[in-house]
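Here the structure comes first, spelled out in C-alpha cells, and everything after it is commentary.
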Amino acid sequence: MKEILIREAREEDVAEILMLYRDAELGAENEFTVERARAQLAVFRRYPNYRIFVAVADGRAVGTYELLIMDNMAKGGRKSGVVEDVAVSPDYRGRGVGRAMMMHAREQCRQESCYKFVLSSNLKRAEAHAFYEALGFEKHGLSFRVELE
C-alpha cells in the first residue's frame, strides 16, 4: 500500500462500500442492492452537510465513513460533527486506514468550526473502542436508542 487517499464517495464506489459494511457487520439486516444504495447516495447529497467518504488504496475503496456536520441551537448555532458507519476492509485493518479516515473527519470538522466531533460504537466492539481511545476520543455520557421496527 503506497498511500491512502480520502475522498467523497461516488456512485461507482457504492458496491465496494456495501462490501465494507457487510465485512464490518454494519447493517447486514438491511442490505441494499447496489441500485438502492446509489439512490440513497443521491438522497444524502441533498442534505446540507452529510457526506460519505471512502479511503482509497491500491486502486480500490478500502475504508468508508459517513459524516454529518450540524448546527446546534443550544450552542448558539455552533456546529458539531457526527461520524457514523466506520468500516475498513479486513485486509487493510491495522495499516493506518482507520486512523487516516478519522484524521480526515477531524479536519473536516475543524474546517467547519465544529466545537466537537463525536461517534458512537456498539458495546461489543472492544477493539474499535481501543482504537478510538488511542486516537484521543474519550468516553462521554451514554448512548440510548429505541428500536422502531
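Order determines the names: the first chain of the C-alpha cells is A, the second B, and so forth; residues in each chain are numbered 1 upward, and ligands are numbered 1 upward as they are shown.
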Excluding Ala55 (chain A) and residues on its chain fewer than 4 positions from it, collect all residues at most 8 Å away from it, counting only C-alpha atoms, and give them as an mmCIF file with C-alpha atoms, in the first residue's frame.
```
data_model
loop_
_atom_site.group_PDB
_atom_site.id
_atom_site.type_symbol
_atom_site.label_atom_id
_atom_site.label_comp_id
_atom_site.auth_asym_id
_atom_site.auth_seq_id
_atom_site.Cartn_x
_atom_site.Cartn_y
_atom_site.Cartn_z
ATOM 1 C CA ILE A 4 -4.253 6.377 1.339
ATOM 2 C CA LEU A 5 -6.461 8.920 -0.395
ATOM 3 C CA ILE A 6 -9.655 10.035 1.356
ATOM 4 C CA ARG A 7 -12.329 11.472 -0.913
ATOM 5 C CA ALA A 61 -12.072 1.625 -1.682
ATOM 6 C CA VAL A 62 -10.638 0.002 1.458
ATOM 7 C CA GLY A 63 -12.497 2.054 4.056
ATOM 8 C CA THR A 64 -15.525 4.279 4.456
ATOM 9 C CA VAL A 97 -6.701 3.346 7.044
ATOM 10 C CA MET A 101 -10.192 8.432 7.936
#
```
As a ChimeraX atom specification, please: all residues of chain A that backbone DSSP puts in helix (DSSP H, G or I). /A:11-23,28-30,34-46,73-75,90-92,97-111,126-134
Shell around region 142-145 of chain A at 12 Å using only C-alpha atoms, local window under 6 positions removed, as number ranges by chain: A: 118-123
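When CA of Val54 (chain A) is paired with CA of Ala9 (chain A), their separation reads 5.6 Å.
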In Å, how far is it from CA of Arg95 (chain A) to CA of Gly27 (chain A)?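 We find that CA of Arg95 (chain A) and CA of Gly27 (chain A) lie 24.1 Å from each other.
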Of A:Ala24, A:Ala74, A:Ile17, A:Cys114, the one sitting nearest Val56 (chain A) when using only C-alpha atoms is A:Ile17
Long-range neighbours of region 44-53 of chain A as a PyMOL selection string, 12 Å cut-off, only C-alpha atoms, 4 positions minimum in chain: chain A and resi 5-11+13-14+16-17+37-40+61-71+79-88+98+100-102+104-105+108-109+112
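With only C-alpha atoms as the atoms that count, the residue of A:His129, A:His140, A:Lys2, A:Arg22 with the shortest distance to Asp58 (chain A) is A:Lys2.
Minimum atom-to-atom distances from A:Arg125, A:Phe117, A:Ala57, A:Arg110 to Leu26 (chain A) were compared using only C-alpha atoms, and the lowest value belongs to A:Arg125.
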Grab the CA of Asp91 (chain A) to CA of Tyr132 (chain A) distance for me, in Å with one decimal place. 19.4 Å
Strand (DSSP E or B) residues, from DSSP on the backbone, in chain A, as a short mmCIF file (atom, residue, chain, number, x, y, z; two decimals) with N, CA and C atoms, in the first residue's frame:
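Saved the output as result.cif:
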```cif
data_model
loop_
_atom_site.label_atom_id
_atom_site.label_comp_id
_atom_site.auth_asym_id
_atom_site.auth_seq_id
_atom_site.Cartn_x
_atom_site.Cartn_y
_atom_site.Cartn_z
N LEU A 5 -5.77 7.71 0.03
CA LEU A 5 -6.46 8.92 -0.40
C LEU A 5 -7.87 8.88 0.18
N ILE A 6 -8.29 9.95 0.85
CA ILE A 6 -9.66 10.04 1.36
C ILE A 6 -10.39 11.03 0.47
N ARG A 7 -11.53 10.59 -0.05
CA ARG A 7 -12.33 11.47 -0.91
C ARG A 7 -13.81 11.17 -0.71
N GLU A 8 -14.64 12.09 -1.18
CA GLU A 8 -16.07 11.88 -1.11
C GLU A 8 -16.46 10.71 -2.01
N TYR A 50 -24.10 16.39 4.89
CA TYR A 50 -23.98 14.96 5.17
C TYR A 50 -23.26 14.31 4.00
N ARG A 51 -22.12 13.69 4.28
CA ARG A 51 -21.33 13.12 3.20
C ARG A 51 -20.80 11.74 3.59
N ILE A 52 -20.58 10.94 2.56
CA ILE A 52 -19.94 9.64 2.74
C ILE A 52 -18.57 9.74 2.08
N PHE A 53 -17.56 9.29 2.80
CA PHE A 53 -16.19 9.32 2.29
C PHE A 53 -15.68 7.90 2.12
N VAL A 54 -14.73 7.74 1.22
CA VAL A 54 -14.04 6.47 1.06
C VAL A 54 -12.55 6.70 1.18
N ALA A 55 -11.87 5.70 1.72
CA ALA A 55 -10.41 5.66 1.74
C ALA A 55 -10.00 4.76 0.59
N VAL A 56 -9.19 5.29 -0.30
CA VAL A 56 -8.77 4.55 -1.49
C VAL A 56 -7.29 4.20 -1.35
N ALA A 57 -6.98 2.93 -1.55
CA ALA A 57 -5.59 2.45 -1.55
C ALA A 57 -5.51 1.32 -2.56
N ARG A 60 -8.55 0.83 -4.96
CA ARG A 60 -9.92 0.46 -4.59
C ARG A 60 -10.29 1.07 -3.24
N ALA A 61 -11.59 1.12 -2.97
CA ALA A 61 -12.07 1.63 -1.68
C ALA A 61 -11.78 0.57 -0.62
N VAL A 62 -11.00 0.94 0.39
CA VAL A 62 -10.64 0.00 1.46
C VAL A 62 -11.19 0.43 2.82
N GLY A 63 -11.88 1.57 2.84
CA GLY A 63 -12.50 2.05 4.06
C GLY A 63 -13.56 3.07 3.72
N THR A 64 -14.47 3.29 4.65
CA THR A 64 -15.52 4.28 4.46
C THR A 64 -16.00 4.82 5.79
N TYR A 65 -16.54 6.02 5.77
CA TYR A 65 -17.23 6.58 6.93
C TYR A 65 -18.21 7.63 6.44
N GLU A 66 -19.19 7.92 7.28
CA GLU A 66 -20.18 8.95 7.00
C GLU A 66 -19.98 10.08 8.00
N LEU A 67 -20.19 11.32 7.55
CA LEU A 67 -20.00 12.48 8.42
C LEU A 67 -21.17 13.44 8.24
N LEU A 68 -21.81 13.75 9.35
CA LEU A 68 -22.86 14.77 9.41
C LEU A 68 -22.30 15.94 10.21
N ILE A 69 -22.35 17.12 9.63
CA ILE A 69 -22.00 18.34 10.37
C ILE A 69 -23.28 19.13 10.53
N MET A 70 -23.66 19.39 11.77
CA MET A 70 -24.95 20.02 12.03
C MET A 70 -24.80 21.23 12.95
N ASP A 71 -25.72 22.17 12.77
CA ASP A 71 -25.79 23.35 13.64
C ASP A 71 -26.56 22.96 14.90
N LYS A 79 -21.48 24.42 15.47
CA LYS A 79 -21.63 23.14 14.77
C LYS A 79 -20.96 22.01 15.53
N SER A 80 -21.47 20.81 15.28
CA SER A 80 -20.81 19.60 15.77
C SER A 80 -20.76 18.59 14.63
N GLY A 81 -19.79 17.71 14.70
CA GLY A 81 -19.63 16.66 13.70
C GLY A 81 -19.96 15.31 14.29
N VAL A 82 -20.70 14.51 13.54
CA VAL A 82 -21.09 13.17 13.98
C VAL A 82 -20.64 12.18 12.91
N VAL A 83 -19.81 11.23 13.31
CA VAL A 83 -19.32 10.18 12.41
C VAL A 83 -20.16 8.94 12.61
N GLU A 84 -20.50 8.28 11.52
CA GLU A 84 -21.28 7.05 11.55
C GLU A 84 -20.65 6.03 10.61
N ASP A 85 -20.94 4.78 10.85
CA ASP A 85 -20.67 3.67 9.93
C ASP A 85 -19.23 3.63 9.41
N VAL A 86 -18.30 3.59 10.35
CA VAL A 86 -16.87 3.46 10.01
C VAL A 86 -16.59 1.99 9.70
N ALA A 87 -15.99 1.75 8.55
CA ALA A 87 -15.67 0.38 8.15
C ALA A 87 -14.35 0.36 7.39
N VAL A 88 -13.53 -0.64 7.69
CA VAL A 88 -12.26 -0.84 6.99
C VAL A 88 -12.21 -2.30 6.53
N CYS A 114 -16.42 23.27 13.95
CA CYS A 114 -17.20 22.48 14.91
C CYS A 114 -16.59 22.60 16.30
N TYR A 115 -17.43 22.61 17.31
CA TYR A 115 -16.93 22.64 18.68
C TYR A 115 -16.67 21.23 19.21
N LYS A 116 -17.24 20.20 18.54
CA LYS A 116 -16.95 18.83 18.93
C LYS A 116 -17.15 17.90 17.74
N PHE A 117 -16.61 16.71 17.91
CA PHE A 117 -16.61 15.66 16.89
C PHE A 117 -16.88 14.37 17.66
N VAL A 118 -17.97 13.69 17.35
CA VAL A 118 -18.38 12.53 18.15
C VAL A 118 -18.68 11.33 17.26
N LEU A 119 -18.70 10.17 17.89
CA LEU A 119 -19.18 8.95 17.25
C LEU A 119 -19.67 8.03 18.34
#
```
